[in-house]
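Here's final17.pdb, which has PDB, C-alpha atoms and all ligand atoms:
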ATOM      1  CA  MET F 147     110.704  71.665 126.697  1.00  0.00           C
ATOM      2  CA  PRO F 148     106.959  72.153 126.245  1.00  0.00           C
ATOM      3  CA  SER F 149     105.661  69.892 123.539  1.00  0.00           C
ATOM      4  CA  LYS F 150     104.543  71.544 120.327  1.00  0.00           C
ATOM      5  CA  PRO F 151     100.802  71.908 119.907  1.00  0.00           C
ATOM      6  CA  LYS F 152      99.383  69.233 117.675  1.00  0.00           C
ATOM      7  CA  LEU F 153      96.496  70.417 115.540  1.00  0.00           C
ATOM      8  CA  SER F 154      94.299  67.504 114.747  1.00  0.00           C
ATOM      9  CA  ARG F 155      90.592  67.732 115.224  1.00  0.00           C
ATOM     10  CA  VAL F 156      87.281  66.548 113.940  1.00  0.00           C
ATOM     11  CA  VAL F 157      86.536  68.808 110.990  1.00  0.00           C
ATOM     12  CA  SER F 158      83.059  67.536 110.201  1.00  0.00           C
ATOM     13  CA  ASP F 159      81.005  64.381 110.643  1.00  0.00           C
ATOM     14  CA  GLY F 160      83.790  62.314 112.129  1.00  0.00           C
ATOM     15  CA  HIS F 161      86.564  63.128 109.646  1.00  0.00           C
ATOM     16  CA  TYR F 162      89.945  64.104 111.033  1.00  0.00           C
ATOM     17  CA  ALA F 163      92.223  66.556 109.297  1.00  0.00           C
ATOM     18  CA  ASP F 164      95.837  65.512 108.852  1.00  0.00           C
ATOM     19  CA  SER F 165      97.770  66.242 112.003  1.00  0.00           C
ATOM     20  CA  PHE F 166     100.063  69.216 111.782  1.00  0.00           C
ATOM     21  CA  GLU F 167     102.843  70.153 114.155  1.00  0.00           C
ATOM     22  CA  PRO F 168     103.723  73.834 113.856  1.00  0.00           C
ATOM     23  CA  GLU F 169     107.350  74.758 114.466  1.00  0.00           C
ATOM     24  CA  HIS F 170     106.524  78.277 115.626  1.00  0.00           C
ATOM     25  CA  GLU F 171     103.551  79.856 117.333  1.00  0.00           C
ATOM     26  CA  ASP F 172     103.218  82.290 114.439  1.00  0.00           C
ATOM     27  CA  GLU F 173     102.388  79.362 112.170  1.00  0.00           C
ATOM     28  CA  ILE F 174      98.915  79.315 113.671  1.00  0.00           C
ATOM     29  CA  TYR F 175      96.267  81.926 112.857  1.00  0.00           C
ATOM     30  CA  ASP F 176      92.909  80.155 112.883  1.00  0.00           C
ATOM     31  CA  PRO F 177      93.352  76.426 113.630  1.00  0.00           C
ATOM     32  CA  VAL F 178      89.882  75.364 112.517  1.00  0.00           C
ATOM     33  CA  LYS F 179      90.045  77.075 109.120  1.00  0.00           C
ATOM     34  CA  GLU F 180      93.642  75.928 108.652  1.00  0.00           C
ATOM     35  CA  ASP F 181      92.676  72.331 109.342  1.00  0.00           C
ATOM     36  CA  LEU F 182      89.944  72.593 106.728  1.00  0.00           C
ATOM     37  CA  VAL F 183      92.400  73.920 104.143  1.00  0.00           C
ATOM     38  CA  ARG F 184      94.937  71.242 105.036  1.00  0.00           C
ATOM     39  CA  ARG F 185      92.282  68.623 104.519  1.00  0.00           C
ATOM     40  CA  MET F 186      91.337  70.135 101.156  1.00  0.00           C
ATOM     41  CA  LEU F 187      94.999  70.025 100.096  1.00  0.00           C
ATOM     42  CA  SER F 188      95.155  66.348 101.015  1.00  0.00           C
ATOM     43  CA  GLU F 189      91.907  65.639  99.175  1.00  0.00           C
ATOM     44  CA  ILE F 190      93.235  67.101  95.916  1.00  0.00           C
ATOM     45  CA  GLY F 191      96.309  64.874  96.212  1.00  0.00           C
ATOM     46  CA  GLU F 192      98.768  67.408  97.591  1.00  0.00           C
ATOM     47  CA  ASP F 193     101.126  67.034 100.516  1.00  0.00           C
ATOM     48  CA  PRO F 194     100.223  69.801 103.018  1.00  0.00           C
ATOM     49  CA  GLN F 195     103.531  69.198 104.821  1.00  0.00           C
ATOM     50  CA  ARG F 196     105.795  69.993 101.882  1.00  0.00           C
ATOM     51  CA  GLU F 197     107.730  73.184 102.321  1.00  0.00           C
ATOM     52  CA  GLY F 198     105.851  75.333  99.820  1.00  0.00           C
ATOM     53  CA  LEU F 199     102.491  74.423 101.344  1.00  0.00           C
ATOM     54  CA  ARG F 200     103.255  74.467 105.064  1.00  0.00           C
ATOM     55  CA  ARG F 201     102.063  78.025 105.565  1.00  0.00           C
ATOM     56  CA  THR F 202      99.418  77.883 102.842  1.00  0.00           C
ATOM     57  CA  PRO F 203      96.524  76.999 105.191  1.00  0.00           C
ATOM     58  CA  LEU F 204      97.424  80.014 107.323  1.00  0.00           C
ATOM     59  CA  ARG F 205      97.623  82.268 104.271  1.00  0.00           C
ATOM     60  CA  VAL F 206      94.331  80.961 102.900  1.00  0.00           C
ATOM     61  CA  ALA F 207      92.618  81.475 106.271  1.00  0.00           C
ATOM     62  CA  LYS F 208      93.846  85.082 106.369  1.00  0.00           C
ATOM     63  CA  ALA F 209      92.871  85.672 102.741  1.00  0.00           C
ATOM     64  CA  MET F 210      89.381  84.255 103.307  1.00  0.00           C
ATOM     65  CA  ASP F 211      88.909  86.445 106.362  1.00  0.00           C
ATOM     66  CA  PHE F 212      89.829  89.503 104.310  1.00  0.00           C
ATOM     67  CA  LEU F 213      87.711  88.512 101.313  1.00  0.00           C
ATOM     68  CA  THR F 214      84.668  87.996 103.540  1.00  0.00           C
ATOM     69  CA  SER F 215      85.348  90.867 105.944  1.00  0.00           C
ATOM     70  CA  GLY F 216      82.203  92.628 104.728  1.00  0.00           C
ATOM     71  CA  TYR F 217      80.116  90.421 107.033  1.00  0.00           C
ATOM     72  CA  GLN F 218      81.668  92.274 110.002  1.00  0.00           C
ATOM     73  CA  LEU F 219      80.914  95.719 108.587  1.00  0.00           C
ATOM     74  CA  SER F 220      77.780  97.773 108.320  1.00  0.00           C
ATOM     75  CA  ALA F 221      77.055 100.204 105.515  1.00  0.00           C
ATOM     76  CA  GLU F 222      75.097 102.346 107.953  1.00  0.00           C
ATOM     77  CA  GLU F 223      78.163 102.880 110.136  1.00  0.00           C
ATOM     78  CA  VAL F 224      80.348 103.659 107.147  1.00  0.00           C
ATOM     79  CA  ILE F 225      77.900 106.257 105.840  1.00  0.00           C
ATOM     80  CA  ARG F 226      76.911 107.756 109.203  1.00  0.00           C
ATOM     81  CA  LYS F 227      80.505 108.822 109.908  1.00  0.00           C
ATOM     82  CA  ALA F 228      80.706 111.103 106.891  1.00  0.00           C
ATOM     83  CA  ILE F 229      77.438 112.793 106.046  1.00  0.00           C
ATOM     84  CA  PHE F 230      77.597 116.536 105.540  1.00  0.00           C
ATOM     85  CA  GLU F 231      74.759 119.022 105.218  1.00  0.00           C
ATOM     86  CA  GLU F 232      75.295 120.696 101.866  1.00  0.00           C
ATOM     87  CA  ASP F 233      72.940 122.539  99.552  1.00  0.00           C
ATOM     88  CA  VAL F 234      73.697 120.443  96.479  1.00  0.00           C
ATOM     89  CA  LYS F 235      70.875 119.679  94.077  1.00  0.00           C
ATOM     90  CA  GLU F 236      72.691 118.126  91.165  1.00  0.00           C
ATOM     91  CA  MET F 237      73.635 114.537  90.615  1.00  0.00           C
ATOM     92  CA  VAL F 238      76.847 113.197  92.146  1.00  0.00           C
ATOM     93  CA  VAL F 239      78.507 110.284  90.352  1.00  0.00           C
ATOM     94  CA  VAL F 240      81.464 108.213  91.551  1.00  0.00           C
ATOM     95  CA  ARG F 241      82.447 105.990  88.697  1.00  0.00           C
ATOM     96  CA  ASP F 242      84.986 103.232  88.004  1.00  0.00           C
ATOM     97  CA  ILE F 243      85.135 101.982  91.587  1.00  0.00           C
ATOM     98  CA  GLU F 244      86.979  98.696  91.237  1.00  0.00           C
ATOM     99  CA  PHE F 245      85.702  95.811  93.307  1.00  0.00           C
ATOM    100  CA  TYR F 246      86.496  92.168  93.952  1.00  0.00           C
ATOM    101  CA  SER F 247      83.856  89.764  95.173  1.00  0.00           C
ATOM    102  CA  MET F 248      83.278  86.007  95.258  1.00  0.00           C
ATOM    103  CA  CYS F 249      80.373  84.190  93.661  1.00  0.00           C
ATOM    104  CA  GLU F 250      78.368  82.212  96.148  1.00  0.00           C
ATOM    105  CA  HIS F 251      78.000  79.271  93.759  1.00  0.00           C
ATOM    106  CA  HIS F 252      81.659  78.400  93.268  1.00  0.00           C
ATOM    107  CA  MET F 253      83.448  80.678  95.718  1.00  0.00           C
ATOM    108  CA  LEU F 254      85.492  81.984  92.801  1.00  0.00           C
ATOM    109  CA  PRO F 255      86.220  85.677  92.282  1.00  0.00           C
ATOM    110  CA  PHE F 256      84.215  88.031  90.164  1.00  0.00           C
ATOM    111  CA  PHE F 257      85.573  91.506  89.726  1.00  0.00           C
ATOM    112  CA  GLY F 258      85.010  94.700  87.838  1.00  0.00           C
ATOM    113  CA  HIS F 259      83.828  98.249  88.299  1.00  0.00           C
ATOM    114  CA  ALA F 260      80.918  99.893  90.039  1.00  0.00           C
ATOM    115  CA  HIS F 261      79.434 103.241  89.056  1.00  0.00           C
ATOM    116  CA  VAL F 262      77.322 104.958  91.674  1.00  0.00           C
ATOM    117  CA  GLY F 263      75.209 108.069  91.334  1.00  0.00           C
ATOM    118  CA  TYR F 264      72.861 109.806  93.716  1.00  0.00           C
ATOM    119  CA  LEU F 265      70.653 112.875  93.898  1.00  0.00           C
ATOM    120  CA  PRO F 266      71.341 114.633  97.214  1.00  0.00           C
ATOM    121  CA  ASN F 267      68.519 115.748  99.440  1.00  0.00           C
ATOM    122  CA  GLY F 268      70.287 118.369 101.558  1.00  0.00           C
ATOM    123  CA  LYS F 269      73.087 115.977 102.480  1.00  0.00           C
ATOM    124  CA  VAL F 270      76.191 114.650 100.753  1.00  0.00           C
ATOM    125  CA  VAL F 271      78.384 111.748 101.779  1.00  0.00           C
ATOM    126  CA  GLY F 272      82.196 111.596 101.841  1.00  0.00           C
ATOM    127  CA  LEU F 273      83.187 110.246  98.438  1.00  0.00           C
ATOM    128  CA  SER F 274      85.455 107.516  99.793  1.00  0.00           C
ATOM    129  CA  LYS F 275      82.472 106.171 101.718  1.00  0.00           C
ATOM    130  CA  VAL F 276      80.674 105.390  98.481  1.00  0.00           C
ATOM    131  CA  ALA F 277      83.582 103.125  97.519  1.00  0.00           C
ATOM    132  CA  ARG F 278      83.661 101.686 101.061  1.00  0.00           C
ATOM    133  CA  VAL F 279      79.982 100.785 100.854  1.00  0.00           C
ATOM    134  CA  VAL F 280      80.731  98.878  97.633  1.00  0.00           C
ATOM    135  CA  ASP F 281      83.436  96.937  99.509  1.00  0.00           C
ATOM    136  CA  VAL F 282      81.160  96.244 102.510  1.00  0.00           C
ATOM    137  CA  PHE F 283      78.898  94.213 100.238  1.00  0.00           C
ATOM    138  CA  ALA F 284      81.515  92.971  97.738  1.00  0.00           C
ATOM    139  CA  ARG F 285      83.540  91.295 100.487  1.00  0.00           C
ATOM    140  CA  ARG F 286      80.905  88.638 101.033  1.00  0.00           C
ATOM    141  CA  LEU F 287      79.700  85.618  99.065  1.00  0.00           C
ATOM    142  CA  GLN F 288      77.516  87.216  96.418  1.00  0.00           C
ATOM    143  CA  VAL F 289      75.648  87.148  93.175  1.00  0.00           C
ATOM    144  CA  GLN F 290      76.264  90.277  91.180  1.00  0.00           C
ATOM    145  CA  GLU F 291      72.626  91.330  91.041  1.00  0.00           C
ATOM    146  CA  ARG F 292      72.198  91.174  94.829  1.00  0.00           C
ATOM    147  CA  LEU F 293      75.458  93.059  95.339  1.00  0.00           C
ATOM    148  CA  THR F 294      74.193  95.799  93.032  1.00  0.00           C
ATOM    149  CA  ASN F 295      70.859  96.003  94.854  1.00  0.00           C
ATOM    150  CA  GLN F 296      72.445  96.057  98.305  1.00  0.00           C
ATOM    151  CA  VAL F 297      74.720  98.981  97.438  1.00  0.00           C
ATOM    152  CA  ALA F 298      71.759 100.928  96.043  1.00  0.00           C
ATOM    153  CA  ASP F 299      69.456 100.141  98.974  1.00  0.00           C
ATOM    154  CA  ALA F 300      72.070 101.008 101.608  1.00  0.00           C
ATOM    155  CA  LEU F 301      72.824 104.389 100.058  1.00  0.00           C
ATOM    156  CA  MET F 302      69.145 105.145  99.519  1.00  0.00           C
ATOM    157  CA  GLN F 303      68.272 104.272 103.094  1.00  0.00           C
ATOM    158  CA  HIS F 304      71.151 105.841 105.004  1.00  0.00           C
ATOM    159  CA  LEU F 305      71.777 108.882 102.828  1.00  0.00           C
ATOM    160  CA  GLY F 306      68.137 109.914 102.504  1.00  0.00           C
ATOM    161  CA  ALA F 307      68.805 110.734  98.846  1.00  0.00           C
ATOM    162  CA  HIS F 308      66.128 111.571  96.271  1.00  0.00           C
ATOM    163  CA  GLY F 309      67.464 108.677  94.256  1.00  0.00           C
ATOM    164  CA  VAL F 310      70.372 106.277  93.818  1.00  0.00           C
ATOM    165  CA  ALA F 311      71.694 104.523  90.713  1.00  0.00           C
ATOM    166  CA  VAL F 312      74.229 101.714  90.670  1.00  0.00           C
ATOM    167  CA  VAL F 313      75.678 100.007  87.601  1.00  0.00           C
ATOM    168  CA  MET F 314      78.189  97.190  87.977  1.00  0.00           C
ATOM    169  CA  GLU F 315      80.198  95.553  85.240  1.00  0.00           C
ATOM    170  CA  ALA F 316      82.102  92.386  86.098  1.00  0.00           C
ATOM    171  CA  SER F 317      84.003  89.361  84.823  1.00  0.00           C
ATOM    172  CA  HIS F 318      83.199  86.085  86.559  1.00  0.00           C
ATOM    173  CA  THR F 319      86.141  83.722  86.848  1.00  0.00           C
ATOM    174  CA  CYS F 320      83.718  80.800  87.321  1.00  0.00           C
ATOM    175  CA  MET F 321      82.676  81.454  83.707  1.00  0.00           C
ATOM    176  CA  MET F 322      86.299  81.886  82.576  1.00  0.00           C
ATOM    177  CA  MET F 323      88.472  79.305  84.326  1.00  0.00           C
ATOM    178  CA  ARG F 324      85.893  76.510  84.371  1.00  0.00           C
ATOM    179  CA  GLY F 325      82.360  75.701  83.253  1.00  0.00           C
ATOM    180  CA  VAL F 326      81.424  77.494  80.062  1.00  0.00           C
ATOM    181  CA  GLN F 327      84.964  78.993  79.742  1.00  0.00           C
ATOM    182  CA  LYS F 328      84.098  82.327  78.123  1.00  0.00           C
ATOM    183  CA  GLN F 329      86.996  84.722  78.553  1.00  0.00           C
ATOM    184  CA  ASN F 330      85.576  87.960  77.227  1.00  0.00           C
ATOM    185  CA  SER F 331      82.004  88.151  78.400  1.00  0.00           C
ATOM    186  CA  THR F 332      81.174  90.741  81.007  1.00  0.00           C
ATOM    187  CA  THR F 333      77.981  91.044  83.011  1.00  0.00           C
ATOM    188  CA  VAL F 334      76.283  94.386  83.549  1.00  0.00           C
ATOM    189  CA  SER F 335      73.732  94.807  86.326  1.00  0.00           C
ATOM    190  CA  SER F 336      71.906  97.877  87.497  1.00  0.00           C
ATOM    191  CA  ALA F 337      69.748  99.054  90.374  1.00  0.00           C
ATOM    192  CA  MET F 338      67.719 102.246  90.133  1.00  0.00           C
ATOM    193  CA  ARG F 339      65.998 103.735  93.138  1.00  0.00           C
ATOM    194  CA  GLY F 340      63.816 106.817  93.689  1.00  0.00           C
ATOM    195  CA  THR F 341      64.063 109.442  90.954  1.00  0.00           C
ATOM    196  CA  PHE F 342      66.338 107.231  88.849  1.00  0.00           C
ATOM    197  CA  GLU F 343      63.630 104.586  88.775  1.00  0.00           C
ATOM    198  CA  VAL F 344      60.743 106.832  87.788  1.00  0.00           C
ATOM    199  CA  ASP F 345      62.367 109.558  85.699  1.00  0.00           C
ATOM    200  CA  GLN F 346      63.871 108.459  82.407  1.00  0.00           C
ATOM    201  CA  ARG F 347      65.771 111.777  81.987  1.00  0.00           C
ATOM    202  CA  THR F 348      67.527 111.381  85.326  1.00  0.00           C
ATOM    203  CA  ARG F 349      68.498 107.845  84.384  1.00  0.00           C
ATOM    204  CA  ALA F 350      69.725 109.011  80.979  1.00  0.00           C
ATOM    205  CA  GLU F 351      71.822 111.776  82.590  1.00  0.00           C
ATOM    206  CA  PHE F 352      73.463 109.197  84.841  1.00  0.00           C
ATOM    207  CA  MET F 353      74.133 106.830  81.941  1.00  0.00           C
ATOM    208  CA  GLY F 354      75.601 109.766  80.021  1.00  0.00           C
ATOM    209  CA  PHE F 355      78.246 110.206  82.726  1.00  0.00           C
ATOM    210  CA  LEU F 356      79.333 106.596  82.241  1.00  0.00           C
ATOM    211  CA  HIS F 357      80.236 107.043  78.560  1.00  0.00           C
ATOM    212  CA  ARG F 358      83.458 108.897  78.027  1.00  0.00           C
TER     213      ARG F 358
HETATM  214  N1  LIG M   1      72.733  85.464  88.072  1.00  0.00           N
HETATM  215  C1  LIG M   1      73.962  85.160  88.476  1.00  0.00           C
HETATM  216  N2  LIG M   1      74.448  83.945  88.240  1.00  0.00           N
HETATM  217  C2  LIG M   1      75.700  83.673  88.664  1.00  0.00           C
HETATM  218  C3  LIG M   1      76.509  84.592  89.314  1.00  0.00           C
HETATM  219  N3  LIG M   1      77.710  83.991  89.589  1.00  0.00           N
HETATM  220  C4  LIG M   1      77.618  82.741  89.099  1.00  0.00           C
HETATM  221  N4  LIG M   1      76.399  82.530  88.538  1.00  0.00           N
HETATM  222  C5  LIG M   1      75.811  81.369  87.854  1.00  0.00           C
HETATM  223  O1  LIG M   1      75.239  80.455  88.761  1.00  0.00           O
HETATM  224  C6  LIG M   1      74.901  79.317  87.990  1.00  0.00           C
HETATM  225  C7  LIG M   1      74.977  78.072  88.821  1.00  0.00           C
HETATM  226  O2  LIG M   1      74.463  77.057  87.981  1.00  0.00           O
HETATM  227  P1  LIG M   1      74.606  75.499  88.253  1.00  0.00           P
HETATM  228  O3  LIG M   1      74.109  74.770  87.025  1.00  0.00           O
HETATM  229  O4  LIG M   1      73.987  75.168  89.567  1.00  0.00           O
HETATM  230  O5  LIG M   1      76.181  75.322  88.458  1.00  0.00           O
HETATM  231  P2  LIG M   1      77.255  74.749  87.432  1.00  0.00           P
HETATM  232  O6  LIG M   1      76.914  73.350  87.045  1.00  0.00           O
HETATM  233  O7  LIG M   1      78.603  74.942  88.065  1.00  0.00           O
HETATM  234  O8  LIG M   1      77.080  75.703  86.168  1.00  0.00           O
HETATM  235  P3  LIG M   1      78.106  76.101  85.016  1.00  0.00           P
HETATM  236  O9  LIG M   1      78.863  77.319  85.497  1.00  0.00           O
HETATM  237  O10 LIG M   1      77.243  76.405  83.823  1.00  0.00           O
HETATM  238  O11 LIG M   1      79.028  74.940  84.802  1.00  0.00           O
HETATM  239  C8  LIG M   1      75.828  79.336  86.785  1.00  0.00           C
HETATM  240  O12 LIG M   1      75.037  79.579  85.639  1.00  0.00           O
HETATM  241  C9  LIG M   1      76.750  80.539  87.064  1.00  0.00           C
HETATM  242  O13 LIG M   1      77.178  81.179  85.881  1.00  0.00           O
HETATM  243  C10 LIG M   1      75.962  85.887  89.563  1.00  0.00           C
HETATM  244  O14 LIG M   1      76.584  86.762  90.145  1.00  0.00           O
HETATM  245  N5  LIG M   1      74.691  86.116  89.126  1.00  0.00           N
HETATM  246 ZN    ZN M   2      80.227  81.057  90.155  1.00  0.00          ZN
END

Show me this structure written as structure tokens.
Ligand SMILES: Nc1nc2c(ncn2[C@@H]2O[C@H](COP(=O)(O)OP(=O)(O)OP(=O)(O)O)[C@@H](O)[C@H]2O)c(=O)[nH]1
Ligand SMILES: [Zn+2]
Amino acid sequence: MPSKPKLSRVVSDGHYADSFEPEHEDEIYDPVKEDLVRRMLSEIGEDPQREGLRRTPLRVAKAMDFLTSGYQLSAEEVIRKAIFEEDVKEMVVVRDIEFYSMCEHHMLPFFGHAHVGYLPNGKVVGLSKVARVVDVFARRLQVQERLTNQVADALMQHLGAHGVAVVMEASHTCMMMRGVQKQNSTTVSSAMRGTFEVDQRTRAEFMGFLHR
């Protein structure tokens, strides 16, 4: 019988995570991340070996990979795949795109809706790609303002639009579950590029689409 792999390693500066002996191969996904989670569980006074927590490090590692998968993606690639030449001159708005991100200060979720508008310059982009670009940047450690700017800049740059407008409205769980503990505040951020930045009427038209 081959002996079971024993996962015990130096996590950082000489500290060892609790040793863990998986019963099945499929209990391992990313040993380094799982060791870190196991150590965190121990540090908060939990028993990482108890039944309910045995697979938690694996689940957390997978969840973290998904929630930060935006680092592996490029907005340029997403957009490049679905640009169509089209003689459209009027504003296109994709609104109420839900997003989930994580604040870089506490690594706690913030979530809400993004509204994206652009003025085409001979080209339009597949609508789903607008939502995908939001996810590319949301699935990283963020502050809301930078997220808003990155979505606007990526669309402006890779779509060659006359202008791009992005408004994001979000609830920050680091302000709800801890800290100042305000349950009902939402944060609105905006980024205006090109025509939206310089022409008040264009901006007002966009804002008009957001009020139903
Ligand atoms: N501008 C901005 N601030 C954010 C965002 N997410 C979290 N923060 C804030 O980042 C700040 C970090 O402040 P610190 O004083 O270093 O951290 P803290 O002691 O945990 O602060 P409190 O949350 O007030 O308890 C807090 O005011 C958070 O509300 C964001 O997306 N944008
Ligand atoms: Zn935070």

Could you list, as an mmCIF file with C-alpha atoms, in the coordinates of the input, every residue matched by the PyMOL selection byres (((chain F and resi 332) around 9) and not hetatm) in this structure?
data_model
loop_
_atom_site.group_PDB
_atom_site.id
_atom_site.type_symbol
_atom_site.label_atom_id
_atom_site.label_comp_id
_atom_site.auth_asym_id
_atom_site.auth_seq_id
_atom_site.Cartn_x
_atom_site.Cartn_y
_atom_site.Cartn_z
ATOM 1 C CA GLY F 258 85.010 94.700 87.838
ATOM 2 C CA GLU F 315 80.198 95.553 85.240
ATOM 3 C CA ALA F 316 82.102 92.386 86.098
ATOM 4 C CA SER F 317 84.003 89.361 84.823
ATOM 5 C CA HIS F 318 83.199 86.085 86.559
ATOM 6 C CA GLN F 329 86.996 84.722 78.553
ATOM 7 C CA ASN F 330 85.576 87.960 77.227
ATOM 8 C CA SER F 331 82.004 88.151 78.400
ATOM 9 C CA THR F 333 77.981 91.044 83.011
ATOM 10 C CA VAL F 334 76.283 94.386 83.549
#

Self-check item: Answer key for the PyMOL selection byres (((chain F and resi 197-201) around 9) and not hetatm), residues as a list in words
Solution: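 Those residues are Pro168, Glu173, Ile174, Arg184, Leu187, Glu192, Asp193, Pro194, Gln195, Arg196, Thr202, Pro203, Leu204, Arg205 and Val206 of chain F.
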
Return as lines of an AutoDock Vina configuration file the box centre and box size in Å, one decimal, for an axis-aligned box around all listed atoms of ligand LIG 1 (chain M) padded by 8 Å per side.
center_x = 75.9
center_y = 80.1
center_z = 87.0
size_x = 22.3
size_y = 29.4
size_z = 22.3

Quiz item: On this structure, which residues satisfy the PyMOL selection byres (((not hetatm)) within 12 of (chain M and resi 2)), written as JSON, numbers by chain?
Solution: {"F": [247, 248, 249, 250, 251, 252, 253, 254, 255, 256, 257, 287, 288, 289, 290, 317, 318, 319, 320, 321, 322, 323, 324, 325, 326, 327]}

Could you list, as a JSON list (two decimals) with C-alpha atoms, keeping the file's coordinate frame, every residue within 10 Å of Leu301 (chain F), counting all atoms listed in the file and ignoring same-chain residues fewer than 4 positions away?
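Printed below is part37.json as written:
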[["chain", "number", "residue", "atom", "x", "y", "z"],
["F", 221, "ALA", "CA", 77.06, 100.20, 105.52],
["F", 222, "GLU", "CA", 75.10, 102.35, 107.95],
["F", 225, "ILE", "CA", 77.90, 106.26, 105.84],
["F", 262, "VAL", "CA", 77.32, 104.96, 91.67],
["F", 263, "GLY", "CA", 75.21, 108.07, 91.33],
["F", 264, "TYR", "CA", 72.86, 109.81, 93.72],
["F", 271, "VAL", "CA", 78.38, 111.75, 101.78],
["F", 275, "LYS", "CA", 82.47, 106.17, 101.72],
["F", 276, "VAL", "CA", 80.67, 105.39, 98.48],
["F", 279, "VAL", "CA", 79.98, 100.78, 100.85],
["F", 280, "VAL", "CA", 80.73, 98.88, 97.63],
["F", 296, "GLN", "CA", 72.44, 96.06, 98.30],
["F", 297, "VAL", "CA", 74.72, 98.98, 97.44],
["F", 305, "LEU", "CA", 71.78, 108.88, 102.83],
["F", 306, "GLY", "CA", 68.14, 109.91, 102.50],
["F", 307, "ALA", "CA", 68.81, 110.73, 98.85],
["F", 309, "GLY", "CA", 67.46, 108.68, 94.26],
["F", 310, "VAL", "CA", 70.37, 106.28, 93.82],
["F", 311, "ALA", "CA", 71.69, 104.52, 90.71],
["F", 312, "VAL", "CA", 74.23, 101.71, 90.67],
["F", 339, "ARG", "CA", 66.00, 103.74, 93.14]]

Quiz item: When distances are computed from only C-alpha atoms, which of F:Ala209, F:Ala260, F:Glu189, F:Leu273 shows the smallest separation from Ile229 (chain F)?
Solution: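 Closest residue, counting only C-alpha atoms: F:Leu273.
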
Quiz item: Between CA of Ser220 (chain F) and CA of Asp233 (chain F), what is the spacing in Å?
Solution: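 Interatomic distance, CA of Asp233 (chain F) to CA of Ser220 (chain F): 26.7 Å.
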
Quiz item: Which distance in Å separates CA of Val313 (chain F) and atom O4 of ligand LIG 1 (chain M), to one decimal?
Solution: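 These atoms are spaced 25.0 Å apart.
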
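The spacing separating CA of Leu213 (chain F) from CA of Ala337 (chain F) amounts to 23.5 Å.
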